[in-house]
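Containing CSV, C-alpha atoms and all ligand atoms: coords-v7.csv.
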chain,number,residue,atom,x,y,z
A,1,MET,CA,33.4,45.2,-14.3
A,2,ARG,CA,29.7,45.9,-14.1
A,3,ALA,CA,27.3,43.3,-15.6
A,4,ASN,CA,25.8,44.2,-18.9
A,5,LYS,CA,22.0,44.7,-19.5
A,6,GLU,CA,21.5,41.1,-20.5
A,7,GLN,CA,23.2,39.8,-17.4
A,8,ILE,CA,21.3,42.1,-15.1
A,9,LYS,CA,18.1,40.9,-16.8
A,10,ARG,CA,19.1,37.3,-16.1
A,11,MET,CA,20.0,38.1,-12.5
A,12,LYS,CA,16.7,39.8,-11.9
A,13,LYS,CA,15.0,36.7,-13.4
A,14,ASN,CA,17.0,34.4,-11.1
A,15,GLU,CA,16.1,36.6,-8.1
A,16,PHE,CA,12.4,36.4,-9.1
A,17,ILE,CA,12.7,32.6,-9.4
A,18,ARG,CA,14.4,32.4,-6.0
A,19,THR,CA,11.7,34.5,-4.3
A,20,ALA,CA,9.0,32.5,-5.9
A,21,ILE,CA,10.6,29.2,-4.7
A,22,GLU,CA,11.0,30.7,-1.2
A,23,TYR,CA,7.2,31.2,-1.0
A,24,VAL,CA,5.9,28.0,-2.4
A,25,ASP,CA,4.4,25.9,0.4
A,26,THR,CA,6.4,22.7,-0.3
A,27,GLY,CA,10.0,21.9,0.6
A,28,VAL,CA,12.6,22.6,-2.1
A,29,VAL,CA,16.3,21.6,-1.8
A,30,ILE,CA,19.1,21.8,-4.3
A,31,THR,CA,22.1,19.6,-4.0
A,32,ASP,CA,25.5,19.7,-5.7
A,33,PRO,CA,26.6,16.2,-6.8
A,34,GLU,CA,30.1,17.5,-7.7
A,35,LEU,CA,30.8,18.2,-4.1
A,36,PRO,CA,31.7,15.2,-1.8
A,37,ASP,CA,28.5,13.3,-0.6
A,38,ASN,CA,26.1,15.4,-2.8
A,39,PRO,CA,25.3,18.0,-0.1
A,40,ILE,CA,22.5,20.6,0.1
A,41,ILE,CA,23.5,24.0,-1.2
A,42,TYR,CA,20.0,25.6,-1.0
A,43,THR,CA,16.7,25.1,0.9
A,44,ASN,CA,13.6,27.2,0.9
A,45,LYS,CA,11.2,28.2,3.7
A,46,GLY,CA,8.9,25.3,2.9
A,47,PHE,CA,11.7,22.9,3.7
A,48,GLU,CA,12.4,24.7,7.0
A,49,LYS,CA,8.7,24.5,7.9
A,50,LEU,CA,8.4,20.8,6.9
A,51,SER,CA,11.6,19.5,8.6
A,52,GLY,CA,12.0,21.9,11.5
A,53,TYR,CA,15.7,22.6,10.5
A,54,SER,CA,16.9,26.0,9.4
A,55,THR,CA,18.8,26.4,6.1
A,56,TYR,CA,21.9,27.3,8.1
A,57,GLU,CA,21.8,23.9,10.0
A,58,VAL,CA,21.5,21.7,6.9
A,59,VAL,CA,23.5,23.4,4.1
A,60,GLY,CA,26.6,21.3,3.5
A,61,TYR,CA,24.9,18.0,4.6
A,62,ASN,CA,23.4,15.2,2.6
A,63,CYS,CA,19.6,14.9,2.9
A,64,ARG,CA,19.9,11.5,4.6
A,65,PHE,CA,19.8,13.2,8.0
A,66,LEU,CA,16.0,13.2,7.6
A,67,GLN,CA,15.9,9.4,7.7
A,68,GLY,CA,15.5,7.2,10.8
A,69,GLU,CA,14.8,3.7,12.0
A,70,ASP,CA,11.5,3.2,10.2
A,71,THR,CA,12.7,4.4,6.8
A,72,ASP,CA,12.1,1.7,4.2
A,73,HIS,CA,15.4,0.4,2.8
A,74,GLU,CA,13.8,-0.6,-0.5
A,75,VAL,CA,12.7,3.0,-1.1
A,76,LEU,CA,16.3,4.2,-0.3
A,77,ASN,CA,17.6,1.7,-2.9
A,78,GLN,CA,15.2,3.3,-5.5
A,79,ILE,CA,16.5,6.8,-4.6
A,80,ARG,CA,20.2,5.7,-4.8
A,81,HIS,CA,19.5,4.1,-8.2
A,82,ALA,CA,17.8,7.2,-9.6
A,83,ILE,CA,20.6,9.5,-8.4
A,84,LYS,CA,23.3,7.2,-9.7
A,85,ASN,CA,21.6,7.2,-13.1
A,86,LYS,CA,20.6,10.9,-13.1
A,87,GLU,CA,16.9,9.9,-13.4
A,88,LYS,CA,13.9,11.7,-12.0
A,89,LEU,CA,12.0,10.0,-9.3
A,90,LYS,CA,8.9,10.2,-7.1
A,91,VAL,CA,8.6,8.1,-3.9
A,92,GLU,CA,7.0,8.3,-0.5
A,93,VAL,CA,9.5,8.0,2.3
A,94,LYS,CA,9.2,8.0,6.0
A,95,ASN,CA,11.3,10.9,7.4
A,96,TYR,CA,11.7,12.6,10.8
A,97,ARG,CA,11.5,16.2,11.7
A,98,LYS,CA,14.1,17.9,13.9
A,99,SER,CA,11.8,17.2,16.8
A,100,GLY,CA,12.0,13.5,16.1
A,101,GLU,CA,8.3,13.4,14.9
A,102,PRO,CA,7.9,11.0,11.9
A,103,PHE,CA,6.2,12.2,8.8
A,104,TRP,CA,5.5,10.8,5.3
A,105,ASN,CA,7.5,12.7,2.7
A,106,GLU,CA,6.4,12.6,-0.9
A,107,LEU,CA,9.8,13.2,-2.4
A,108,GLN,CA,10.4,14.1,-6.0
A,109,ILE,CA,14.0,14.4,-7.3
A,110,PHE,CA,14.9,16.0,-10.7
A,111,PRO,CA,18.4,16.1,-12.2
A,112,VAL,CA,18.9,19.6,-13.6
A,113,TYR,CA,21.6,20.6,-16.0
A,114,MET,CA,22.7,24.2,-15.9
A,115,GLU,CA,24.2,25.1,-19.3
A,116,SER,CA,25.7,28.4,-18.2
A,117,GLU,CA,27.7,26.6,-15.5
A,118,ASN,CA,28.2,23.3,-17.4
A,119,GLN,CA,27.1,21.5,-14.3
A,120,SER,CA,24.3,19.2,-13.1
A,121,TYR,CA,22.4,19.7,-9.8
A,122,PHE,CA,19.6,17.8,-8.2
A,123,VAL,CA,16.4,19.5,-7.2
A,124,GLY,CA,14.3,17.8,-4.5
A,125,VAL,CA,10.7,18.7,-3.8
A,126,GLN,CA,9.2,17.5,-0.6
A,127,GLN,CA,5.6,17.4,0.4
A,128,ASP,CA,4.1,16.3,3.7
A,129,VAL,CA,1.5,13.6,2.9
A,130,THR,CA,1.2,12.2,6.4
A,131,LYS,CA,-2.5,12.8,6.7
A,132,ARG,CA,-3.3,11.1,3.5
A,133,ARG,CA,-1.1,8.1,4.3
A,134,TYR,CA,-2.6,7.6,7.7
A,135,ALA,CA,-6.1,7.9,6.2
A,136,GLU,CA,-5.1,5.3,3.6
A,137,ASP,CA,-3.6,3.0,6.3
A,138,ARG,CA,-6.8,3.3,8.3
A,139,SER,CA,-9.1,2.6,5.4
A,140,ASN,CA,-6.9,-0.4,4.3
A,141,HIS,CA,-7.1,-1.7,7.9
A,142,TYR,CA,-11.0,-1.5,7.8
A,143,LEU,CA,-11.1,-3.0,4.4
A,144,GLN,CA,-9.0,-5.9,5.6
A,145,GLN,CA,-11.4,-6.3,8.6
A,146,VAL,CA,-14.4,-6.3,6.2
A,147,LYS,CA,-12.7,-8.9,4.1
A,148,ASP,CA,-11.9,-11.1,7.1
A,149,LEU,CA,-15.5,-10.8,8.3
A,150,SER,CA,-16.8,-11.7,4.8
A,151,THR,CA,-15.7,-15.3,5.3
A,152,PRO,CA,-15.7,-15.9,9.0
A,153,ILE,CA,-14.7,-19.4,10.2
A,154,VAL,CA,-16.2,-20.3,13.5
A,155,PRO,CA,-14.7,-23.4,15.3
A,156,ILE,CA,-17.5,-25.0,17.3
A,157,ASP,CA,-16.2,-28.4,18.3
A,158,ARG,CA,-13.0,-30.2,18.6
A,159,ASP,CA,-12.7,-30.9,14.8
A,160,VAL,CA,-15.7,-29.1,13.4
A,161,SER,CA,-16.0,-25.5,12.1
A,162,ILE,CA,-18.8,-23.5,10.5
A,163,VAL,CA,-18.5,-20.9,7.8
A,164,PRO,CA,-21.7,-18.9,7.7
A,165,LEU,CA,-21.9,-17.1,4.4
A,166,VAL,CA,-24.0,-13.9,4.3
A,167,GLY,CA,-25.0,-11.6,1.4
A,168,GLU,CA,-23.7,-11.7,-2.2
A,169,ILE,CA,-20.9,-14.0,-3.0
A,170,ASP,CA,-18.7,-12.8,-5.8
A,171,ASP,CA,-15.5,-14.2,-7.3
A,172,GLU,CA,-13.3,-12.2,-4.8
A,173,ARG,CA,-15.2,-13.6,-1.8
A,174,LEU,CA,-15.0,-17.1,-3.2
A,175,GLU,CA,-11.2,-16.8,-3.7
A,176,LEU,CA,-10.9,-15.5,-0.1
A,177,LEU,CA,-13.1,-18.4,1.1
A,178,HIS,CA,-10.8,-21.0,-0.6
A,179,HIS,CA,-7.7,-19.3,0.8
A,180,ASN,CA,-9.0,-18.8,4.4
A,181,VAL,CA,-10.5,-22.3,4.6
A,182,SER,CA,-7.4,-24.1,3.4
A,183,LYS,CA,-5.3,-22.1,5.8
A,184,HIS,CA,-7.7,-22.9,8.6
A,185,ILE,CA,-7.9,-26.6,8.0
A,186,GLN,CA,-4.1,-26.9,7.7
A,187,LYS,CA,-3.7,-25.1,11.0
A,188,SER,CA,-6.5,-26.7,13.0
A,189,GLY,CA,-6.6,-30.2,11.5
A,190,ASP,CA,-10.5,-30.0,11.5
A,191,GLN,CA,-12.3,-33.0,10.1
A,192,PHE,CA,-15.5,-31.3,9.1
A,193,LEU,CA,-16.4,-28.0,7.7
A,194,ILE,CA,-20.1,-26.9,7.5
A,195,LEU,CA,-20.8,-24.2,4.9
A,196,ASP,CA,-24.0,-22.6,5.9
A,197,LEU,CA,-25.7,-20.9,3.0
A,198,SER,CA,-28.9,-19.7,4.7
A,199,GLY,CA,-27.8,-16.1,4.6
A,200,VAL,CA,-26.7,-16.1,1.0
A,201,SER,CA,-28.9,-13.7,-1.1
A,202,HIS,CA,-28.4,-15.1,-4.6
A,203,PHE,CA,-27.5,-18.6,-5.7
A,204,THR,CA,-25.4,-18.1,-8.9
A,205,SER,CA,-23.5,-20.5,-11.0
A,206,GLN,CA,-20.4,-18.8,-9.7
A,207,LEU,CA,-21.2,-19.8,-6.2
A,208,HIS,CA,-22.1,-23.3,-7.3
A,209,ASN,CA,-18.7,-23.8,-9.0
A,210,GLY,CA,-16.9,-22.2,-6.1
A,211,ILE,CA,-18.5,-24.7,-3.7
A,212,TYR,CA,-17.5,-27.5,-6.0
A,213,GLN,CA,-13.9,-26.3,-6.0
A,214,LEU,CA,-14.0,-25.9,-2.2
A,215,ASP,CA,-15.2,-29.5,-1.8
A,216,GLN,CA,-12.3,-30.7,-4.0
A,217,LEU,CA,-9.8,-28.7,-2.0
A,218,ILE,CA,-11.1,-29.9,1.4
A,219,LYS,CA,-11.2,-33.6,0.2
A,220,LEU,CA,-7.5,-33.2,-0.8
A,221,MET,CA,-6.7,-32.0,2.7
A,222,GLY,CA,-8.4,-35.1,4.1
A,223,ALA,CA,-11.5,-33.3,5.6
A,224,THR,CA,-15.2,-33.3,4.7
A,225,LEU,CA,-17.4,-30.5,3.5
A,226,MET,CA,-21.1,-30.4,4.4
A,227,ILE,CA,-23.6,-27.7,3.3
A,228,SER,CA,-26.5,-26.5,5.3
A,229,GLY,CA,-29.3,-24.0,4.5
A,230,ILE,CA,-29.7,-24.9,0.9
A,231,ARG,CA,-32.7,-23.4,-0.9
A,232,PRO,CA,-34.6,-24.8,-3.9
A,233,GLU,CA,-33.0,-22.3,-6.4
A,234,PHE,CA,-29.6,-23.7,-5.4
A,235,VAL,CA,-30.7,-27.3,-6.1
A,236,LEU,CA,-32.0,-26.2,-9.5
A,237,GLU,CA,-28.7,-24.5,-10.3
A,238,SER,CA,-26.9,-27.7,-9.2
A,239,VAL,CA,-29.0,-29.9,-11.5
A,240,ARG,CA,-28.3,-27.6,-14.5
A,241,SER,CA,-24.6,-27.6,-13.9
A,242,ASP,CA,-22.0,-30.1,-15.2
A,243,LEU,CA,-20.2,-30.0,-11.9
A,244,THR,CA,-22.4,-32.1,-9.6
A,245,LEU,CA,-22.5,-31.4,-5.9
A,246,SER,CA,-24.3,-34.6,-5.2
A,247,SER,CA,-21.4,-36.1,-3.3
A,248,ILE,CA,-21.6,-33.3,-0.7
A,249,GLN,CA,-23.8,-34.1,2.2
A,250,SER,CA,-26.4,-31.3,2.6
A,251,PHE,CA,-28.8,-30.5,5.4
A,252,PRO,CA,-31.7,-28.0,6.0
A,253,SER,CA,-29.9,-26.5,9.0
A,254,VAL,CA,-26.6,-26.4,10.8
A,255,LYS,CA,-28.2,-28.2,13.8
A,256,GLN,CA,-29.0,-31.2,11.6
A,257,ALA,CA,-25.5,-31.3,10.1
A,258,LEU,CA,-24.1,-31.3,13.7
A,259,THR,CA,-26.4,-34.1,14.8
A,260,THR,CA,-25.2,-36.2,12.0
A,261,ILE,CA,-21.5,-35.6,12.8
A,262,GLN,CA,-22.1,-36.5,16.5
A,301,LIG,C1,17.8,16.7,-4.2
A,301,LIG,C2,17.7,15.6,-3.2
A,301,LIG,C3,16.8,15.6,-2.2
A,301,LIG,C4,16.7,14.6,-1.3
A,301,LIG,N1,15.7,14.7,-0.3
A,301,LIG,C5,15.5,13.7,0.5
A,301,LIG,C6,14.5,13.7,1.5
A,301,LIG,O1,13.8,14.7,1.6
A,301,LIG,N2,14.4,12.7,2.4
A,301,LIG,C7,15.2,11.6,2.3
A,301,LIG,O2,15.0,10.6,3.0
A,301,LIG,N3,16.2,11.5,1.3
A,301,LIG,C8,16.4,12.5,0.5
A,301,LIG,N4,17.3,12.4,-0.5
A,301,LIG,C9,18.1,11.2,-0.6
A,301,LIG,C10,19.4,11.2,0.2
A,301,LIG,O3,20.1,12.3,0.0
A,301,LIG,C11,20.3,10.0,-0.3
A,301,LIG,O4,20.5,10.1,-1.6
A,301,LIG,C12,19.7,8.6,0.0
A,301,LIG,O5,19.7,8.5,1.4
A,301,LIG,C13,20.4,7.4,-0.6
A,301,LIG,O6,21.8,7.6,-0.5
A,301,LIG,P1,22.7,7.0,0.7
A,301,LIG,O7,22.6,5.5,0.6
A,301,LIG,O8,24.1,7.5,0.4
A,301,LIG,O9,22.1,7.5,2.0
A,301,LIG,C14,17.5,13.5,-1.4
A,301,LIG,C15,18.5,13.4,-2.4
A,301,LIG,C16,18.6,14.4,-3.3
A,301,LIG,C17,19.6,14.4,-4.4
Show this structure as structure tokens.
Amino acid sequence: MRANKEQIKRMKKNEFIRTAIEYVDTGVVITDPELPDNPIIYTNKGFEKLSGYSTYEVVGYNCRFLQGEDTDHEVLNQIRHAIKNKEKLKVEVKNYRKSGEPFWNELQIFPVYMESENQSYFVGVQQDVTKRRYAEDRSNHYLQQVKDLSTPIVPIDRDVSIVPLVGEIDDERLELLHHNVSKHIQKSGDQFLILDLSGVSHFTSQLHNGIYQLDQLIKLMGATLMISGIRPEFVLESVRSDLTLSSIQSFPSVKQALTTIQ
């Protein structure tokens, strides 16, 4: 029996939607969770372009064939959990094209209930975000380098190291300083640490308190903190503060601090 007008209208609409999905520039897959292993029943051209597989090659298989040795198991747990609970989800997962080339896949999964069929499907939308991920990784790497360089620890003798501080010292840098110095002393067993302040641009109460805490930390670790390159503003700040730094030996220059140690 021929479909009625209403049904033809619906079919045309479905055809329109299918054509539209074919031409969007992202991967789209539909899976059927009522079939064993939730296999793909539809993919668009965007998916073929992204993955390098043709629809013919992948229909009937679960999407996990896109994964490989570097795919994060924690992300897979999140995907499994969302599918089990029929929840929508957005993750970034390392996948591999047919050629074996890895790529970062921004994957969104939506459970879709089709009332006319009284059945649920999953729709997956995949976007290649490799360029963005690599740019982020690179900038995180440089940021880490900048952070490491912001509190350099220079070992200069058997049990002496110098930390030359340069520029503005904010709370983040002070926190990093405490962290890096305690790690360094624990590892090296250094007896003396000279904190050189000649390159510091502003002596603030923040810096003053940070040095007080650093001194306490170093004492607890059985070592000695010395300061060099102190300027008059810093002495004034120290006099005003409740936390006195008078127990820390201070010197006009690194050279003089070293002479005292030797
Ligand atoms: C609609 C849909 C699309 C999916 N697309 C991808 C994908 O592009 N890449 C991927 O690594 N996993 C994808 N998955 C997840 C896997 O099919 C699978 O659910 C996941 O590997 C966790 O299950 P498993 O432990 O049985 O492998 C998709 C899942 C669904 C339901």
Handout entry: Long-range neighbours of A:Ile153 as a PyMOL selection string, 9 Å cut-off, only C-alpha atoms, 6 positions minimum in chain
Key = chain A and resi 161-164+180-181+184
Practice task
Quick one: everything within 9 Å of stretch 133-147 of chain A, counting only C-alpha atoms, minus sequence neighbours fewer than 6 positions away in the same chain. Send it as JSON, numbers by chain.
Solution key: {"A": [104, 173, 176]}
Kindly provide, as an mmCIF file with C-alpha atoms, keeping the file's coordinate frame, all nucleotide and amino acid residues lying within 8 Å of ligand LIG 301 (chain A), counting all atoms listed in the file.
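Saved to part31.cif:
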data_model
loop_
_atom_site.group_PDB
_atom_site.id
_atom_site.type_symbol
_atom_site.label_atom_id
_atom_site.label_comp_id
_atom_site.auth_asym_id
_atom_site.auth_seq_id
_atom_site.Cartn_x
_atom_site.Cartn_y
_atom_site.Cartn_z
ATOM 1 C CA VAL A 29 16.300 21.600 -1.800
ATOM 2 C CA ILE A 30 19.100 21.800 -4.300
ATOM 3 C CA THR A 31 22.100 19.600 -4.000
ATOM 4 C CA PRO A 33 26.600 16.200 -6.800
ATOM 5 C CA ASP A 37 28.500 13.300 -0.600
ATOM 6 C CA ASN A 38 26.100 15.400 -2.800
ATOM 7 C CA PRO A 39 25.300 18.000 -0.100
ATOM 8 C CA ILE A 40 22.500 20.600 0.100
ATOM 9 C CA ASN A 62 23.400 15.200 2.600
ATOM 10 C CA CYS A 63 19.600 14.900 2.900
ATOM 11 C CA ARG A 64 19.900 11.500 4.600
ATOM 12 C CA PHE A 65 19.800 13.200 8.000
ATOM 13 C CA LEU A 66 16.000 13.200 7.600
ATOM 14 C CA GLN A 67 15.900 9.400 7.700
ATOM 15 C CA THR A 71 12.700 4.400 6.800
ATOM 16 C CA LEU A 76 16.300 4.200 -0.300
ATOM 17 C CA ASN A 77 17.600 1.700 -2.900
ATOM 18 C CA ILE A 79 16.500 6.800 -4.600
ATOM 19 C CA ARG A 80 20.200 5.700 -4.800
ATOM 20 C CA ILE A 83 20.600 9.500 -8.400
ATOM 21 C CA VAL A 93 9.500 8.000 2.300
ATOM 22 C CA LYS A 94 9.200 8.000 6.000
ATOM 23 C CA ASN A 95 11.300 10.900 7.400
ATOM 24 C CA ASN A 105 7.500 12.700 2.700
ATOM 25 C CA LEU A 107 9.800 13.200 -2.400
ATOM 26 C CA GLN A 108 10.400 14.100 -6.000
ATOM 27 C CA ILE A 109 14.000 14.400 -7.300
ATOM 28 C CA PHE A 110 14.900 16.000 -10.700
ATOM 29 C CA TYR A 121 22.400 19.700 -9.800
ATOM 30 C CA PHE A 122 19.600 17.800 -8.200
ATOM 31 C CA VAL A 123 16.400 19.500 -7.200
ATOM 32 C CA GLY A 124 14.300 17.800 -4.500
ATOM 33 C CA VAL A 125 10.700 18.700 -3.800
ATOM 34 C CA GLN A 126 9.200 17.500 -0.600
#
Exercise for the section: Have a look at A:Ser99, A:Gln186, A:Asn118, A:Gln127 and name the one nearest to A:Thr26; count all atoms listed in the file. Expected result: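 Of A:Ser99, A:Gln186, A:Asn118, A:Gln127, the one nearest A:Thr26, counting all atoms listed in the file, is A:Gln127.
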Problem - Shell of 9 Å around A:Gln78, all atoms listed in the file, local chain residues under 5 positions omitted, as a ChimeraX atom specification - result: /A:73,83,89,91
Exercise for the section: To one decimal in Å, tell me the separation between atom CA of A:Ile261 and atom CA of A:Gly210. Expected result: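 Going from atom CA of A:Ile261 over to atom CA of A:Gly210, I get 23.6 Å.
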Handout entry: Proximity to A:Asp157 - best of A:Ile227, A:Met114, A:Leu245, A:Leu258, all atoms listed in the file
Key =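 Of all the options, A:Leu258 lies closest to A:Asp157.
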